[in-house]
$ cat query-v4.txt   # compact mmCIF, N, CA, C and O atoms
# COMPACT_ATOMS: atom_id res chain seq x y z
N LYS A 230 30.62 58.54 33.87
CA LYS A 230 31.51 58.82 34.99
C LYS A 230 32.96 58.54 34.61
O LYS A 230 33.82 59.37 34.82
N TYR A 231 33.22 57.37 34.08
CA TYR A 231 34.60 57.03 33.72
C TYR A 231 35.02 57.68 32.41
O TYR A 231 36.20 57.72 32.10
N GLY A 232 34.06 58.18 31.66
CA GLY A 232 34.40 58.88 30.43
C GLY A 232 35.23 60.12 30.70
O GLY A 232 36.17 60.43 29.96
N TYR A 233 34.90 60.83 31.77
CA TYR A 233 35.66 62.03 32.12
C TYR A 233 37.07 61.66 32.58
O TYR A 233 38.04 62.36 32.28
N GLY A 234 37.20 60.54 33.29
CA GLY A 234 38.52 60.07 33.69
C GLY A 234 39.37 59.71 32.49
O GLY A 234 40.57 60.00 32.43
N THR A 235 38.75 59.07 31.50
CA THR A 235 39.45 58.73 30.27
C THR A 235 39.85 59.98 29.50
O THR A 235 40.95 60.06 28.94
N PHE A 236 38.97 60.98 29.50
CA PHE A 236 39.27 62.27 28.88
C PHE A 236 40.51 62.89 29.51
O PHE A 236 41.42 63.35 28.81
N GLN A 237 40.57 62.88 30.83
CA GLN A 237 41.73 63.43 31.54
C GLN A 237 42.99 62.62 31.23
O GLN A 237 44.08 63.17 31.07
N LEU A 238 42.83 61.31 31.15
CA LEU A 238 43.97 60.45 30.86
C LEU A 238 44.53 60.74 29.46
O LEU A 238 45.75 60.81 29.28
N PHE A 239 43.66 60.93 28.48
CA PHE A 239 44.13 61.24 27.14
C PHE A 239 44.83 62.60 27.09
O PHE A 239 45.81 62.78 26.36
N TRP A 240 44.33 63.57 27.85
CA TRP A 240 45.03 64.85 27.92
C TRP A 240 46.40 64.67 28.56
O TRP A 240 47.38 65.33 28.19
N GLY A 241 46.49 63.79 29.53
CA GLY A 241 47.79 63.50 30.14
C GLY A 241 48.75 62.88 29.15
O GLY A 241 49.93 63.23 29.11
N ILE A 242 48.26 61.95 28.34
CA ILE A 242 49.11 61.32 27.32
C ILE A 242 49.56 62.36 26.30
O ILE A 242 50.73 62.38 25.90
N PHE A 243 48.66 63.23 25.89
CA PHE A 243 49.01 64.29 24.96
C PHE A 243 50.07 65.22 25.57
O PHE A 243 51.05 65.59 24.90
N THR A 244 49.90 65.58 26.83
CA THR A 244 50.86 66.46 27.50
C THR A 244 52.22 65.78 27.62
O THR A 244 53.26 66.43 27.46
N LEU A 245 52.22 64.48 27.90
CA LEU A 245 53.49 63.75 27.97
C LEU A 245 54.17 63.75 26.60
O LEU A 245 55.39 63.92 26.51
N ALA A 246 53.40 63.57 25.54
CA ALA A 246 53.97 63.62 24.19
C ALA A 246 54.55 65.00 23.90
O ALA A 246 55.62 65.12 23.29
N MET A 247 53.85 66.04 24.33
CA MET A 247 54.35 67.41 24.14
C MET A 247 55.63 67.65 24.95
O MET A 247 56.49 68.42 24.54
N PHE A 248 55.73 66.99 26.10
CA PHE A 248 56.93 67.12 26.93
C PHE A 248 58.17 66.70 26.15
O PHE A 248 59.22 67.34 26.25
N PHE A 249 58.06 65.63 25.38
CA PHE A 249 59.22 65.16 24.64
C PHE A 249 59.68 66.18 23.59
O PHE A 249 60.84 66.17 23.20
N GLY A 250 58.79 67.04 23.18
CA GLY A 250 59.17 68.12 22.27
C GLY A 250 59.91 69.25 22.96
O GLY A 250 60.47 70.11 22.30
N THR A 251 59.91 69.26 24.29
CA THR A 251 60.57 70.34 25.03
C THR A 251 61.93 69.93 25.59
O THR A 251 62.49 70.66 26.40
N LEU A 252 62.46 68.80 25.16
CA LEU A 252 63.69 68.30 25.76
C LEU A 252 64.90 69.23 25.54
O LEU A 252 65.84 69.20 26.32
N LYS A 253 64.86 70.05 24.50
CA LYS A 253 65.94 71.00 24.27
C LYS A 253 65.59 72.39 24.80
O LYS A 253 66.34 73.34 24.60
N SER A 254 64.47 72.52 25.48
CA SER A 254 64.03 73.80 26.04
C SER A 254 64.59 73.97 27.44
O SER A 254 65.11 73.03 28.04
N PRO A 255 64.45 75.18 27.99
CA PRO A 255 64.90 75.41 29.38
C PRO A 255 64.16 74.51 30.37
O PRO A 255 63.07 74.01 30.10
N ILE A 256 64.75 74.33 31.51
CA ILE A 256 64.22 73.42 32.53
C ILE A 256 62.83 73.83 33.00
O ILE A 256 62.00 72.97 33.30
N THR A 257 62.55 75.13 33.04
CA THR A 257 61.24 75.55 33.52
C THR A 257 60.12 75.12 32.56
O THR A 257 59.03 74.78 33.01
N VAL A 258 60.40 75.12 31.28
CA VAL A 258 59.40 74.66 30.31
C VAL A 258 59.15 73.17 30.50
O VAL A 258 58.00 72.70 30.48
N LYS A 259 60.22 72.42 30.73
CA LYS A 259 60.07 70.98 30.99
C LYS A 259 59.25 70.75 32.26
O LYS A 259 58.40 69.86 32.29
N LEU A 260 59.52 71.53 33.29
CA LEU A 260 58.80 71.37 34.55
C LEU A 260 57.31 71.68 34.40
O LEU A 260 56.48 71.04 35.04
N VAL A 261 56.98 72.65 33.57
CA VAL A 261 55.57 72.96 33.32
C VAL A 261 54.87 71.74 32.74
O VAL A 261 53.79 71.34 33.19
N TYR A 262 55.48 71.12 31.74
CA TYR A 262 54.85 69.97 31.11
C TYR A 262 54.81 68.74 32.03
O TYR A 262 53.83 67.99 32.02
N VAL A 263 55.84 68.55 32.83
CA VAL A 263 55.83 67.42 33.76
C VAL A 263 54.74 67.59 34.81
O VAL A 263 53.97 66.66 35.09
N THR A 264 54.66 68.78 35.39
CA THR A 264 53.64 68.99 36.42
C THR A 264 52.23 68.97 35.82
O THR A 264 51.30 68.49 36.45
N LEU A 265 52.09 69.45 34.59
CA LEU A 265 50.79 69.40 33.93
C LEU A 265 50.40 67.95 33.63
O LEU A 265 49.24 67.57 33.78
N PHE A 266 51.37 67.14 33.24
CA PHE A 266 51.11 65.71 33.05
C PHE A 266 50.64 65.08 34.35
O PHE A 266 49.68 64.29 34.38
N LEU A 267 51.29 65.44 35.46
CA LEU A 267 50.89 64.89 36.76
C LEU A 267 49.49 65.33 37.15
O LEU A 267 48.74 64.56 37.76
N VAL A 268 49.12 66.55 36.80
CA VAL A 268 47.77 67.03 37.08
C VAL A 268 46.75 66.13 36.41
O VAL A 268 45.82 65.62 37.04
N TYR A 269 46.92 65.91 35.11
CA TYR A 269 45.97 65.08 34.37
C TYR A 269 45.98 63.64 34.85
O TYR A 269 44.93 63.00 34.96
N LEU A 270 47.17 63.13 35.17
CA LEU A 270 47.26 61.75 35.65
C LEU A 270 46.53 61.59 36.98
O LEU A 270 45.72 60.67 37.16
N PHE A 271 46.80 62.49 37.93
CA PHE A 271 46.15 62.39 39.24
C PHE A 271 44.65 62.65 39.15
O PHE A 271 43.87 62.05 39.89
N LEU A 272 44.23 63.53 38.25
CA LEU A 272 42.80 63.74 38.07
C LEU A 272 42.13 62.48 37.55
O LEU A 272 41.05 62.10 38.01
N ALA A 273 42.75 61.84 36.58
CA ALA A 273 42.18 60.60 36.04
C ALA A 273 42.12 59.53 37.12
O ALA A 273 41.09 58.85 37.28
N ILE A 274 43.18 59.39 37.89
CA ILE A 274 43.20 58.39 38.96
C ILE A 274 42.12 58.70 39.99
O ILE A 274 41.42 57.80 40.46
N SER A 275 41.98 59.98 40.35
CA SER A 275 40.99 60.34 41.36
C SER A 275 39.57 60.05 40.89
O SER A 275 38.70 59.70 41.69
N ILE A 276 39.33 60.17 39.59
CA ILE A 276 38.01 59.85 39.06
C ILE A 276 37.77 58.35 39.07
O ILE A 276 36.70 57.88 39.45
N TYR A 277 38.79 57.59 38.67
CA TYR A 277 38.64 56.13 38.61
C TYR A 277 38.46 55.50 39.99
O TYR A 277 37.65 54.60 40.15
N ILE A 278 39.22 55.98 40.99
CA ILE A 278 39.13 55.35 42.31
C ILE A 278 38.28 56.15 43.29
O ILE A 278 38.11 55.73 44.44
N GLU A 279 37.77 57.30 42.85
CA GLU A 279 36.90 58.15 43.67
C GLU A 279 37.54 58.51 45.01
O GLU A 279 37.00 58.24 46.08
N ASN A 280 38.70 59.15 44.92
CA ASN A 280 39.45 59.51 46.11
C ASN A 280 39.72 61.02 46.09
O ASN A 280 40.34 61.54 45.15
N LYS A 281 39.26 61.71 47.12
CA LYS A 281 39.42 63.17 47.19
C LYS A 281 40.86 63.58 47.48
O LYS A 281 41.30 64.65 47.07
N LYS A 282 41.61 62.74 48.19
CA LYS A 282 43.00 63.08 48.49
C LYS A 282 43.83 63.14 47.22
O LYS A 282 44.67 64.01 47.05
N VAL A 283 43.60 62.20 46.30
CA VAL A 283 44.33 62.20 45.03
C VAL A 283 43.93 63.44 44.23
O VAL A 283 44.77 64.05 43.55
N GLN A 284 42.68 63.84 44.33
CA GLN A 284 42.22 65.04 43.64
C GLN A 284 42.92 66.29 44.22
O GLN A 284 43.26 67.21 43.48
N GLN A 285 43.15 66.30 45.51
CA GLN A 285 43.86 67.41 46.13
C GLN A 285 45.33 67.45 45.70
O GLN A 285 45.90 68.53 45.51
N VAL A 286 45.93 66.28 45.52
CA VAL A 286 47.30 66.22 45.00
C VAL A 286 47.34 66.79 43.59
O VAL A 286 48.26 67.54 43.24
N ALA A 287 46.33 66.47 42.79
CA ALA A 287 46.24 67.02 41.44
C ALA A 287 46.13 68.54 41.49
O ALA A 287 46.75 69.24 40.69
N GLY A 288 45.36 69.04 42.43
CA GLY A 288 45.24 70.50 42.58
C GLY A 288 46.55 71.15 42.96
O GLY A 288 46.89 72.22 42.45
N ALA A 289 47.30 70.51 43.86
CA ALA A 289 48.60 71.05 44.25
C ALA A 289 49.57 71.04 43.07
O ALA A 289 50.32 72.01 42.88
N CYS A 290 49.53 69.99 42.27
CA CYS A 290 50.38 69.95 41.07
C CYS A 290 49.96 71.05 40.09
O CYS A 290 50.81 71.64 39.42
N GLY A 291 48.67 71.33 40.01
CA GLY A 291 48.18 72.39 39.14
C GLY A 291 48.66 73.75 39.58
O GLY A 291 49.04 74.59 38.75
N VAL A 292 48.67 73.99 40.88
CA VAL A 292 49.17 75.25 41.41
C VAL A 292 50.67 75.38 41.12
O VAL A 292 51.14 76.44 40.68
N ALA A 293 51.41 74.29 41.32
CA ALA A 293 52.84 74.30 41.03
C ALA A 293 53.09 74.57 39.55
O ALA A 293 53.96 75.38 39.19
N SER A 294 52.31 73.93 38.69
CA SER A 294 52.45 74.14 37.25
C SER A 294 52.19 75.60 36.89
O SER A 294 52.93 76.19 36.09
N GLY A 295 51.17 76.19 37.47
CA GLY A 295 50.85 77.59 37.20
C GLY A 295 51.94 78.53 37.67
O GLY A 295 52.29 79.49 36.97
N LEU A 296 52.49 78.27 38.84
CA LEU A 296 53.56 79.13 39.37
C LEU A 296 54.82 79.03 38.51
O LEU A 296 55.47 80.05 38.22
N ILE A 297 55.16 77.82 38.08
CA ILE A 297 56.34 77.65 37.23
C ILE A 297 56.13 78.34 35.89
O ILE A 297 57.03 79.00 35.36
N ALA A 298 54.94 78.19 35.33
CA ALA A 298 54.64 78.82 34.04
C ALA A 298 54.69 80.35 34.17
O ALA A 298 55.19 81.04 33.27
N PHE A 299 54.17 80.88 35.28
CA PHE A 299 54.22 82.32 35.51
C PHE A 299 55.66 82.81 35.61
O PHE A 299 56.04 83.81 35.00
N TYR A 300 56.48 82.09 36.38
CA TYR A 300 57.90 82.45 36.52
C TYR A 300 58.59 82.43 35.15
O TYR A 300 59.34 83.34 34.81
N ASN A 301 58.32 81.38 34.38
CA ASN A 301 58.95 81.24 33.07
C ASN A 301 58.55 82.40 32.16
O ASN A 301 59.41 82.99 31.48
N ALA A 302 57.28 82.73 32.14
CA ALA A 302 56.81 83.82 31.27
C ALA A 302 57.39 85.17 31.70
O ALA A 302 57.86 85.94 30.86
N MET A 303 57.37 85.44 32.99
CA MET A 303 57.88 86.73 33.47
C MET A 303 59.38 86.85 33.25
O MET A 303 59.88 87.90 32.85
N THR A 304 60.12 85.78 33.48
CA THR A 304 61.56 85.80 33.27
C THR A 304 61.89 86.04 31.81
O THR A 304 62.77 86.83 31.48
N THR A 305 61.17 85.35 30.94
CA THR A 305 61.41 85.51 29.50
C THR A 305 61.13 86.94 29.05
O THR A 305 61.94 87.54 28.33
N ILE A 306 60.02 87.50 29.48
CA ILE A 306 59.66 88.86 29.06
C ILE A 306 60.62 89.90 29.65
O ILE A 306 61.12 90.78 28.93
N ILE A 307 60.90 89.81 30.94
CA ILE A 307 61.75 90.80 31.60
C ILE A 307 63.17 90.75 31.03
O ILE A 307 63.77 91.79 30.74
N CYS A 308 63.70 89.54 30.83
CA CYS A 308 65.06 89.43 30.30
C CYS A 308 65.12 89.90 28.85
O CYS A 308 66.11 90.51 28.43
N HIS A 309 64.09 89.63 28.07
CA HIS A 309 64.08 90.09 26.68
C HIS A 309 64.03 91.61 26.61
O HIS A 309 64.75 92.23 25.80
N GLU A 310 63.23 92.21 27.45
CA GLU A 310 63.10 93.68 27.43
C GLU A 310 64.35 94.38 27.94
O GLU A 310 64.63 95.50 27.56
N ASN A 311 65.11 93.71 28.82
CA ASN A 311 66.30 94.34 29.41
C ASN A 311 67.59 93.87 28.75
O ASN A 311 68.67 94.21 29.23
N GLY A 312 67.49 93.07 27.71
CA GLY A 312 68.68 92.66 26.97
C GLY A 312 69.56 91.64 27.67
O GLY A 312 70.75 91.57 27.42
N ILE A 313 68.99 90.87 28.57
CA ILE A 313 69.76 89.84 29.27
C ILE A 313 69.78 88.60 28.39
O ILE A 313 68.73 88.06 28.02
N ALA A 314 70.98 88.14 28.05
CA ALA A 314 71.11 87.05 27.09
C ALA A 314 70.77 85.67 27.69
O ALA A 314 70.17 84.84 27.05
N ASN A 315 71.20 85.44 28.92
CA ASN A 315 70.97 84.15 29.56
C ASN A 315 70.08 84.29 30.78
O ASN A 315 70.56 84.44 31.89
N PRO A 316 68.77 84.23 30.59
CA PRO A 316 67.87 84.38 31.74
C PRO A 316 67.98 83.17 32.68
O PRO A 316 68.32 82.07 32.26
N PRO A 317 67.70 83.39 33.96
CA PRO A 317 67.80 82.30 34.94
C PRO A 317 66.61 81.34 34.88
O PRO A 317 65.81 81.26 35.79
N ILE A 318 66.47 80.65 33.75
CA ILE A 318 65.39 79.67 33.64
C ILE A 318 65.93 78.32 33.35
O ILE A 318 66.45 77.81 32.57
$ encode --input "query-v4.txt" --output "structure tokens"
Amino acid sequence: KYGYGTFQLFWGIFTLAMFFGTLKSPITVKLVYVTLFLVYLFLAISIYIENKKVQQVAGACGVASGLIAFYNAMTTIICHENGIANPPI
């Protein structure tokens, strides 16, 4: 039972380490890693304390992370194809 929580926690630590590699990247890339870190952190906490509300917070962070990643990807592709030098990211 707690093995899965530890698994999520290690993914969170890995994601946090990857975040530090994005410090010179656009803000949207940083936000993806921060929200993804929060997803793993809240999932681990929800497993350890067995709380469904914390699990729902993790789900909301996951949705936010997905939306930010989608925006970042679409902005990058659209601006590259249209020759826009400074995309709004």
$ residues_around --input "query-v4.txt" --residues "region 281-293 of chain A" --least-positions-apart "2" --cutoff "9 Å" --atoms "only C-alpha atoms" --output "list of chain:residue names"
A:Val261, A:Thr264, A:Leu265, A:Leu267, A:Val268, A:Tyr269, A:Leu270, A:Phe271, A:Leu272, A:Ala273, A:Ile274, A:Ser275, A:Ile276, A:Glu279, A:Gly295, A:Leu296, A:Ile297, A:Ala298
$ write_last_selection --input "query-v4.txt" --atoms "N, CA, C and O atoms" --output "PDB file, in the frame of the given file"
ATOM      1  N   VAL A 261      56.980  72.650  33.570  1.00  0.00           N
ATOM      2  CA  VAL A 261      55.570  72.960  33.320  1.00  0.00           C
ATOM      3  C   VAL A 261      54.870  71.740  32.740  1.00  0.00           C
ATOM      4  O   VAL A 261      53.790  71.340  33.190  1.00  0.00           O
ATOM      5  N   THR A 264      54.660  68.780  35.390  1.00  0.00           N
ATOM      6  CA  THR A 264      53.640  68.990  36.420  1.00  0.00           C
ATOM      7  C   THR A 264      52.230  68.970  35.820  1.00  0.00           C
ATOM      8  O   THR A 264      51.300  68.490  36.450  1.00  0.00           O
ATOM      9  N   LEU A 265      52.090  69.450  34.590  1.00  0.00           N
ATOM     10  CA  LEU A 265      50.790  69.400  33.930  1.00  0.00           C
ATOM     11  C   LEU A 265      50.400  67.950  33.630  1.00  0.00           C
ATOM     12  O   LEU A 265      49.240  67.570  33.780  1.00  0.00           O
ATOM     13  N   LEU A 267      51.290  65.440  35.460  1.00  0.00           N
ATOM     14  CA  LEU A 267      50.890  64.890  36.760  1.00  0.00           C
ATOM     15  C   LEU A 267      49.490  65.330  37.150  1.00  0.00           C
ATOM     16  O   LEU A 267      48.740  64.560  37.760  1.00  0.00           O
ATOM     17  N   VAL A 268      49.120  66.550  36.800  1.00  0.00           N
ATOM     18  CA  VAL A 268      47.770  67.030  37.080  1.00  0.00           C
ATOM     19  C   VAL A 268      46.750  66.130  36.410  1.00  0.00           C
ATOM     20  O   VAL A 268      45.820  65.620  37.040  1.00  0.00           O
ATOM     21  N   TYR A 269      46.920  65.910  35.110  1.00  0.00           N
ATOM     22  CA  TYR A 269      45.970  65.080  34.370  1.00  0.00           C
ATOM     23  C   TYR A 269      45.980  63.640  34.850  1.00  0.00           C
ATOM     24  O   TYR A 269      44.930  63.000  34.960  1.00  0.00           O
ATOM     25  N   LEU A 270      47.170  63.130  35.170  1.00  0.00           N
ATOM     26  CA  LEU A 270      47.260  61.750  35.650  1.00  0.00           C
ATOM     27  C   LEU A 270      46.530  61.590  36.980  1.00  0.00           C
ATOM     28  O   LEU A 270      45.720  60.670  37.160  1.00  0.00           O
ATOM     29  N   PHE A 271      46.800  62.490  37.930  1.00  0.00           N
ATOM     30  CA  PHE A 271      46.150  62.390  39.240  1.00  0.00           C
ATOM     31  C   PHE A 271      44.650  62.650  39.150  1.00  0.00           C
ATOM     32  O   PHE A 271      43.870  62.050  39.890  1.00  0.00           O
ATOM     33  N   LEU A 272      44.230  63.530  38.250  1.00  0.00           N
ATOM     34  CA  LEU A 272      42.800  63.740  38.070  1.00  0.00           C
ATOM     35  C   LEU A 272      42.130  62.480  37.550  1.00  0.00           C
ATOM     36  O   LEU A 272      41.050  62.100  38.010  1.00  0.00           O
ATOM     37  N   ALA A 273      42.750  61.840  36.580  1.00  0.00           N
ATOM     38  CA  ALA A 273      42.180  60.600  36.040  1.00  0.00           C
ATOM     39  C   ALA A 273      42.120  59.530  37.120  1.00  0.00           C
ATOM     40  O   ALA A 273      41.090  58.850  37.280  1.00  0.00           O
ATOM     41  N   ILE A 274      43.180  59.390  37.890  1.00  0.00           N
ATOM     42  CA  ILE A 274      43.200  58.390  38.960  1.00  0.00           C
ATOM     43  C   ILE A 274      42.120  58.700  39.990  1.00  0.00           C
ATOM     44  O   ILE A 274      41.420  57.800  40.460  1.00  0.00           O
ATOM     45  N   SER A 275      41.980  59.980  40.350  1.00  0.00           N
ATOM     46  CA  SER A 275      40.990  60.340  41.360  1.00  0.00           C
ATOM     47  C   SER A 275      39.570  60.050  40.890  1.00  0.00           C
ATOM     48  O   SER A 275      38.700  59.700  41.690  1.00  0.00           O
ATOM     49  N   ILE A 276      39.330  60.170  39.590  1.00  0.00           N
ATOM     50  CA  ILE A 276      38.010  59.850  39.060  1.00  0.00           C
ATOM     51  C   ILE A 276      37.770  58.350  39.070  1.00  0.00           C
ATOM     52  O   ILE A 276      36.700  57.880  39.450  1.00  0.00           O
ATOM     53  N   GLU A 279      37.770  57.300  42.850  1.00  0.00           N
ATOM     54  CA  GLU A 279      36.900  58.150  43.670  1.00  0.00           C
ATOM     55  C   GLU A 279      37.540  58.510  45.010  1.00  0.00           C
ATOM     56  O   GLU A 279      37.000  58.240  46.080  1.00  0.00           O
ATOM     57  N   GLY A 295      51.170  76.190  37.470  1.00  0.00           N
ATOM     58  CA  GLY A 295      50.850  77.590  37.200  1.00  0.00           C
ATOM     59  C   GLY A 295      51.940  78.530  37.670  1.00  0.00           C
ATOM     60  O   GLY A 295      52.290  79.490  36.970  1.00  0.00           O
ATOM     61  N   LEU A 296      52.490  78.270  38.840  1.00  0.00           N
ATOM     62  CA  LEU A 296      53.560  79.130  39.370  1.00  0.00           C
ATOM     63  C   LEU A 296      54.820  79.030  38.510  1.00  0.00           C
ATOM     64  O   LEU A 296      55.470  80.050  38.220  1.00  0.00           O
ATOM     65  N   ILE A 297      55.160  77.820  38.080  1.00  0.00           N
ATOM     66  CA  ILE A 297      56.340  77.650  37.230  1.00  0.00           C
ATOM     67  C   ILE A 297      56.130  78.340  35.890  1.00  0.00           C
ATOM     68  O   ILE A 297      57.030  79.000  35.360  1.00  0.00           O
ATOM     69  N   ALA A 298      54.940  78.190  35.330  1.00  0.00           N
ATOM     70  CA  ALA A 298      54.640  78.820  34.040  1.00  0.00           C
ATOM     71  C   ALA A 298      54.690  80.350  34.170  1.00  0.00           C
ATOM     72  O   ALA A 298      55.190  81.040  33.270  1.00  0.00           O
TER      73      ALA A 298
END
$ atom_distance --input "query-v4.txt" --atom1 "atom O of Thr257 (chain A)" --atom2 "atom O of Asn301 (chain A)"
8.4 Å
$ residues_around --input "query-v4.txt" --residues "Thr244 (chain A)" --least-positions-apart "4" --cutoff "6 Å" --atoms "all atoms listed in the file" --output "ChimeraX atom specification"
/A:239-240,248-249,262,266
$ atom_distance --input "query-v4.txt" --atom1 "CA of Gly234 (chain A)" --atom2 "atom O of Pro255 (chain A)"
28.5 Å
$ atom_distance --input "query-v4.txt" --atom1 "CA of Gly312 (chain A)" --atom2 "CA of Leu260 (chain A)"
24.7 Å
$ residues_around --input "query-v4.txt" --residues "Pro316 (chain A)" --least-positions-apart "3" --cutoff "7 Å" --atoms "all atoms listed in the file" --output "ChimeraX atom specification"
/A:304-305,308,313
$ decode --input "query-v4.txt" --residues "region 295-306 of chain A" --atoms "N, CA, C and O atoms" --output "compact mmCIF listing (two decimals), in the first residue's frame"
# COMPACT_ATOMS: atom_id res chain seq x y z
N GLY A 295 -2.02 19.52 -17.59
CA GLY A 295 -2.34 19.14 -18.96
C GLY A 295 -2.74 20.32 -19.82
O GLY A 295 -2.33 20.43 -20.98
N LEU A 296 -3.54 21.21 -19.25
CA LEU A 296 -3.97 22.40 -20.01
C LEU A 296 -2.79 23.32 -20.31
O LEU A 296 -2.68 23.85 -21.43
N ILE A 297 -1.91 23.50 -19.34
CA ILE A 297 -0.74 24.35 -19.56
C ILE A 297 0.18 23.72 -20.61
O ILE A 297 0.70 24.42 -21.49
N ALA A 298 0.37 22.42 -20.53
CA ALA A 298 1.22 21.73 -21.50
C ALA A 298 0.61 21.82 -22.90
O ALA A 298 1.34 22.02 -23.89
N PHE A 299 -0.71 21.69 -23.01
CA PHE A 299 -1.38 21.81 -24.30
C PHE A 299 -1.19 23.22 -24.87
O PHE A 299 -0.86 23.39 -26.05
N TYR A 300 -1.40 24.23 -24.03
CA TYR A 300 -1.21 25.62 -24.47
C TYR A 300 0.23 25.84 -24.95
O TYR A 300 0.46 26.45 -26.00
N ASN A 301 1.18 25.35 -24.17
CA ASN A 301 2.59 25.52 -24.52
C ASN A 301 2.91 24.86 -25.87
O ASN A 301 3.57 25.46 -26.72
N ALA A 302 2.43 23.65 -26.05
CA ALA A 302 2.70 22.94 -27.30
C ALA A 302 2.05 23.63 -28.50
O ALA A 302 2.69 23.81 -29.55
N MET A 303 0.80 24.01 -28.35
CA MET A 303 0.10 24.66 -29.47
C MET A 303 0.71 26.02 -29.80
O MET A 303 0.87 26.36 -30.97
N THR A 304 1.07 26.78 -28.79
CA THR A 304 1.69 28.08 -29.03
C THR A 304 3.02 27.93 -29.74
O THR A 304 3.32 28.66 -30.68
N THR A 305 3.81 26.97 -29.29
CA THR A 305 5.11 26.74 -29.92
C THR A 305 4.96 26.34 -31.38
O THR A 305 5.65 26.88 -32.26
N ILE A 306 4.06 25.43 -31.67
CA ILE A 306 3.88 24.96 -33.05
C ILE A 306 3.30 26.06 -33.94
O ILE A 306 3.80 26.31 -35.04
